[in-house]
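Encoded as structure tokens, the structure appears first; notes follow it.
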Amino acid sequence: MKKTICMILSFLMLLCLSACSEKGETDAKNIKPIEEITDIEGPYYFQSADWPAYKNAEEVVNAADLVFLGKIVDIDFQALDSSTALSVSETTAEHSRALYTVYSVEVIDTYKGNPTSVQKVRVMGGMIGYDVDRQLKIMEEGKVYGREYGIPIWDRYQKVNCNIGETFLFALKQFETGDPTVINLEQAIYDLADPAKKSTDGISVKDIVSEFGNSKWNAFNEKWQNGKFATQK
């Protein structure tokens with residue numbers, strides 16, 4: 001029975017992502033639930049998807065419409081139409097009703113694009129261990145698809161789970177409608193614990209900031225060395 005449910009969820013989510021891709025809403029492909037349960041307990045189900053991956057900092061910067069430093073000042077959850085990234089309505093298809101985590105980010109320095117002073121950043125899916133009751137309520141009120149199975153969590157959720165008060169470097173995609181979103185799960189949000197340390201993809205905060213010139217990196221590094229940024233992850 002569980003396998004059948006997962007197959008149905010996989011098929012409908014794939015339909016949803018295919019429609020979204022045609023409208024330019026998301027770069028994730030072949031979204032599907034994961035049967036294997038991790039050691040995390042709670043009202044969650046895990047999902048995976050194929051995202052584009054970027055080989056170096058130049059590709060990350062080129063893929064992003066917005067690149068900026070910012071501090072998380074609020075976290076909210078919304079039921080959105082995954083084909084438009086707008087609030088669900090009576091006309092939203094059942095399989096397009098999705099839960100999103102929405103960060104409010106106080107922008108500190110901008111490297112690319114024109115973010116607002118407090119920029120909303122949306123990430124499809126929920127969060128583990130944060131305001132769980134609200135997430136479930138939003139899903140119920142918005143009639144989010146798959147709500148009976150729990151809160152949808154990405155299999156590589158760690159890089160896109162942020163805490164209030166932390167500062168990050170963001171690389172985001174802006175589609176025609178809705179708030180900007182991540183370019184993928186692992187190359188869109190970088191913590192500032194060690195800007196020169198390369199992550200598993202071989203890219204560091206220093207690499208990305210340096211794409212905008214040595215003067216940008218020097219200015220960033222001076223602030224970082226002097227502890228000018230908020231609590232780091």
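By order of appearance in the structure tokens: chains A, B, ..., then residues from 1 within every chain, and ligands from 1 in the order shown.
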Which residues are near stretch 156-161 of chain A? Cut-off 12 Å, only C-alpha atoms, ignore same chain within fewer than 4 positions. Put them as a ChimeraX atom specification.
/A:34,38,46-51,72,75,100-103,121-130,152,166,168-172,181-191,199-200,233
Please produce a file of the residues just selected, as a CSV table (one decimal), in the first residue's frame, where the atoms kept are N, CA and C atoms.
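As a result, part_5.csv now contains:
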```csv
chain,number,residue,atom,x,y,z
A,34,ILE,N,10.2,9.8,-1.2
A,34,ILE,CA,11.2,8.8,-0.9
A,34,ILE,C,10.6,7.8,0.1
A,38,THR,N,14.2,8.2,7.3
A,38,THR,CA,15.5,8.5,8.0
A,38,THR,C,15.2,8.4,9.5
A,46,PHE,N,9.5,12.5,2.9
A,46,PHE,CA,10.7,13.0,2.2
A,46,PHE,C,10.5,12.9,0.7
A,47,GLN,N,11.1,13.9,0.0
A,47,GLN,CA,11.0,13.9,-1.4
A,47,GLN,C,12.3,14.3,-2.0
A,48,SER,N,12.5,13.8,-3.3
A,48,SER,CA,13.8,14.2,-4.0
A,48,SER,C,13.4,14.7,-5.4
A,49,ALA,N,14.4,15.3,-6.0
A,49,ALA,CA,14.2,15.8,-7.4
A,49,ALA,C,15.5,16.0,-8.0
A,50,ASP,N,15.5,16.0,-9.3
A,50,ASP,CA,16.7,16.3,-10.1
A,50,ASP,C,16.8,17.8,-10.3
A,51,TRP,N,17.9,18.4,-9.8
A,51,TRP,CA,18.1,19.8,-10.0
A,51,TRP,C,19.3,20.1,-10.9
A,72,ILE,N,18.4,36.5,8.0
A,72,ILE,CA,17.1,36.0,8.2
A,72,ILE,C,16.4,36.7,9.3
A,75,ILE,N,10.6,33.8,9.5
A,75,ILE,CA,10.3,32.5,8.7
A,75,ILE,C,8.8,32.3,8.7
A,100,TYR,N,5.3,26.0,0.9
A,100,TYR,CA,6.6,26.6,0.7
A,100,TYR,C,7.0,27.2,2.1
A,101,THR,N,8.3,27.1,2.3
A,101,THR,CA,8.9,27.9,3.4
A,101,THR,C,9.3,29.3,2.8
A,102,VAL,N,8.9,30.4,3.5
A,102,VAL,CA,9.2,31.7,3.0
A,102,VAL,C,10.1,32.5,4.0
A,103,TYR,N,11.3,32.8,3.7
A,103,TYR,CA,12.2,33.5,4.5
A,103,TYR,C,12.1,35.0,4.2
A,121,VAL,N,12.2,35.1,0.3
A,121,VAL,CA,12.8,34.0,-0.5
A,121,VAL,C,12.0,32.8,-0.2
A,122,ARG,N,11.5,32.1,-1.2
A,122,ARG,CA,10.7,30.9,-1.1
A,122,ARG,C,11.5,29.7,-1.4
A,123,VAL,N,11.2,28.6,-0.7
A,123,VAL,CA,11.8,27.3,-0.9
A,123,VAL,C,10.6,26.3,-0.8
A,124,MET,N,10.4,25.5,-1.9
A,124,MET,CA,9.3,24.5,-1.8
A,124,MET,C,9.6,23.5,-0.7
A,125,GLY,N,8.5,23.2,0.0
A,125,GLY,CA,8.6,22.2,1.1
A,125,GLY,C,8.6,22.9,2.4
A,126,GLY,N,8.6,22.1,3.5
A,126,GLY,CA,8.5,22.6,4.8
A,126,GLY,C,9.9,22.5,5.6
A,127,MET,N,9.8,22.7,6.9
A,127,MET,CA,11.0,22.6,7.7
A,127,MET,C,10.8,21.6,8.8
A,128,ILE,N,11.9,21.0,9.3
A,128,ILE,CA,11.8,20.0,10.3
A,128,ILE,C,11.9,20.7,11.7
A,129,GLY,N,11.0,20.5,12.6
A,129,GLY,CA,11.1,20.9,13.9
A,129,GLY,C,10.9,22.4,14.2
A,130,TYR,N,10.3,23.1,13.2
A,130,TYR,CA,10.0,24.5,13.4
A,130,TYR,C,8.5,24.8,13.1
A,152,PRO,N,6.1,17.9,3.6
A,152,PRO,CA,7.1,17.5,2.6
A,152,PRO,C,8.4,18.1,2.9
A,166,GLU,N,20.6,34.4,11.4
A,166,GLU,CA,21.8,34.0,10.7
A,166,GLU,C,21.9,34.8,9.4
A,168,PHE,N,23.5,34.8,5.4
A,168,PHE,CA,23.9,33.9,4.4
A,168,PHE,C,24.2,34.7,3.1
A,169,LEU,N,24.9,34.0,2.2
A,169,LEU,CA,25.0,34.5,0.8
A,169,LEU,C,24.0,33.7,0.0
A,170,PHE,N,23.1,34.5,-0.7
A,170,PHE,CA,22.0,33.9,-1.5
A,170,PHE,C,22.3,34.0,-3.0
A,171,ALA,N,22.0,32.9,-3.7
A,171,ALA,CA,22.0,32.9,-5.2
A,171,ALA,C,20.6,32.4,-5.7
A,172,LEU,N,19.8,33.3,-6.2
A,172,LEU,CA,18.4,33.0,-6.4
A,172,LEU,C,17.9,33.2,-7.8
A,181,THR,N,13.4,32.2,-5.8
A,181,THR,CA,13.6,30.9,-5.2
A,181,THR,C,15.0,30.4,-5.4
A,182,VAL,N,15.4,29.3,-4.8
A,182,VAL,CA,16.7,28.8,-4.9
A,182,VAL,C,17.0,28.3,-6.3
A,183,ILE,N,18.3,28.4,-6.8
A,183,ILE,CA,18.7,27.8,-8.1
A,183,ILE,C,18.8,26.3,-8.0
A,184,ASN,N,19.1,25.8,-6.8
A,184,ASN,CA,19.0,24.4,-6.5
A,184,ASN,C,19.2,24.2,-5.0
A,185,LEU,N,19.2,23.0,-4.5
A,185,LEU,CA,19.2,22.9,-3.0
A,185,LEU,C,20.5,23.1,-2.4
A,186,GLU,N,21.6,22.9,-3.1
A,186,GLU,CA,22.9,22.9,-2.5
A,186,GLU,C,23.8,24.1,-2.9
A,187,GLN,N,23.4,24.9,-3.9
A,187,GLN,CA,24.3,25.9,-4.4
A,187,GLN,C,23.6,27.3,-4.4
A,188,ALA,N,22.6,27.5,-3.5
A,188,ALA,CA,21.8,28.7,-3.5
A,188,ALA,C,22.0,29.5,-2.2
A,189,ILE,N,22.3,28.8,-1.1
A,189,ILE,CA,22.4,29.4,0.2
A,189,ILE,C,23.7,29.0,0.9
A,190,TYR,N,24.6,29.9,1.1
A,190,TYR,CA,25.9,29.6,1.7
A,190,TYR,C,26.0,30.3,3.0
A,191,ASP,N,26.4,29.5,4.0
A,191,ASP,CA,26.7,30.1,5.3
A,191,ASP,C,28.0,30.8,5.3
A,199,SER,N,32.8,24.2,-0.3
A,199,SER,CA,31.8,23.2,0.0
A,199,SER,C,32.0,22.0,-0.8
A,200,THR,N,31.2,21.0,-0.7
A,200,THR,CA,31.4,19.7,-1.4
A,200,THR,C,31.4,19.9,-2.9
A,233,LYS,N,25.8,30.4,10.8
A,233,LYS,CA,25.3,29.1,10.9
A,233,LYS,C,26.4,28.1,11.4
```
Among the residues A:Ala85, A:Val61, A:Leu66, A:Leu136, the one that comes closest to A:Thr177 [using only C-alpha atoms]:
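Distance minimum relative to A:Thr177 lands on A:Ala85.
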Compile the contact shell of A:Thr167 as a list in words: residues with an atom at most 10 Å away, counting only C-alpha atoms, same-chain residues fewer than 4 positions apart removed.
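My list of contacting residues is Leu69, Gly70, Lys71, Ile72, Val73, Val105, Glu106, Val107, Ile108, Cys162, Asn163, Ile189, Tyr190, Asp191, Leu192, Ala193, Phe229, Ala230, Thr231, Gln232 and Lys233 of chain A.
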Using only C-alpha atoms: which of A:Val60, A:Gly150, A:Phe68, A:Asn221 has the shortest distance to A:Asp109
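For A:Asp109, the nearest of the given residues is A:Phe68.
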Using only C-alpha atoms, can you tell me which of A:Gly42, A:Asn218, A:Ile208, A:Leu80 comes closest to A:Met139?
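Among the listed residues, the smallest separation from A:Met139 belongs to A:Leu80.
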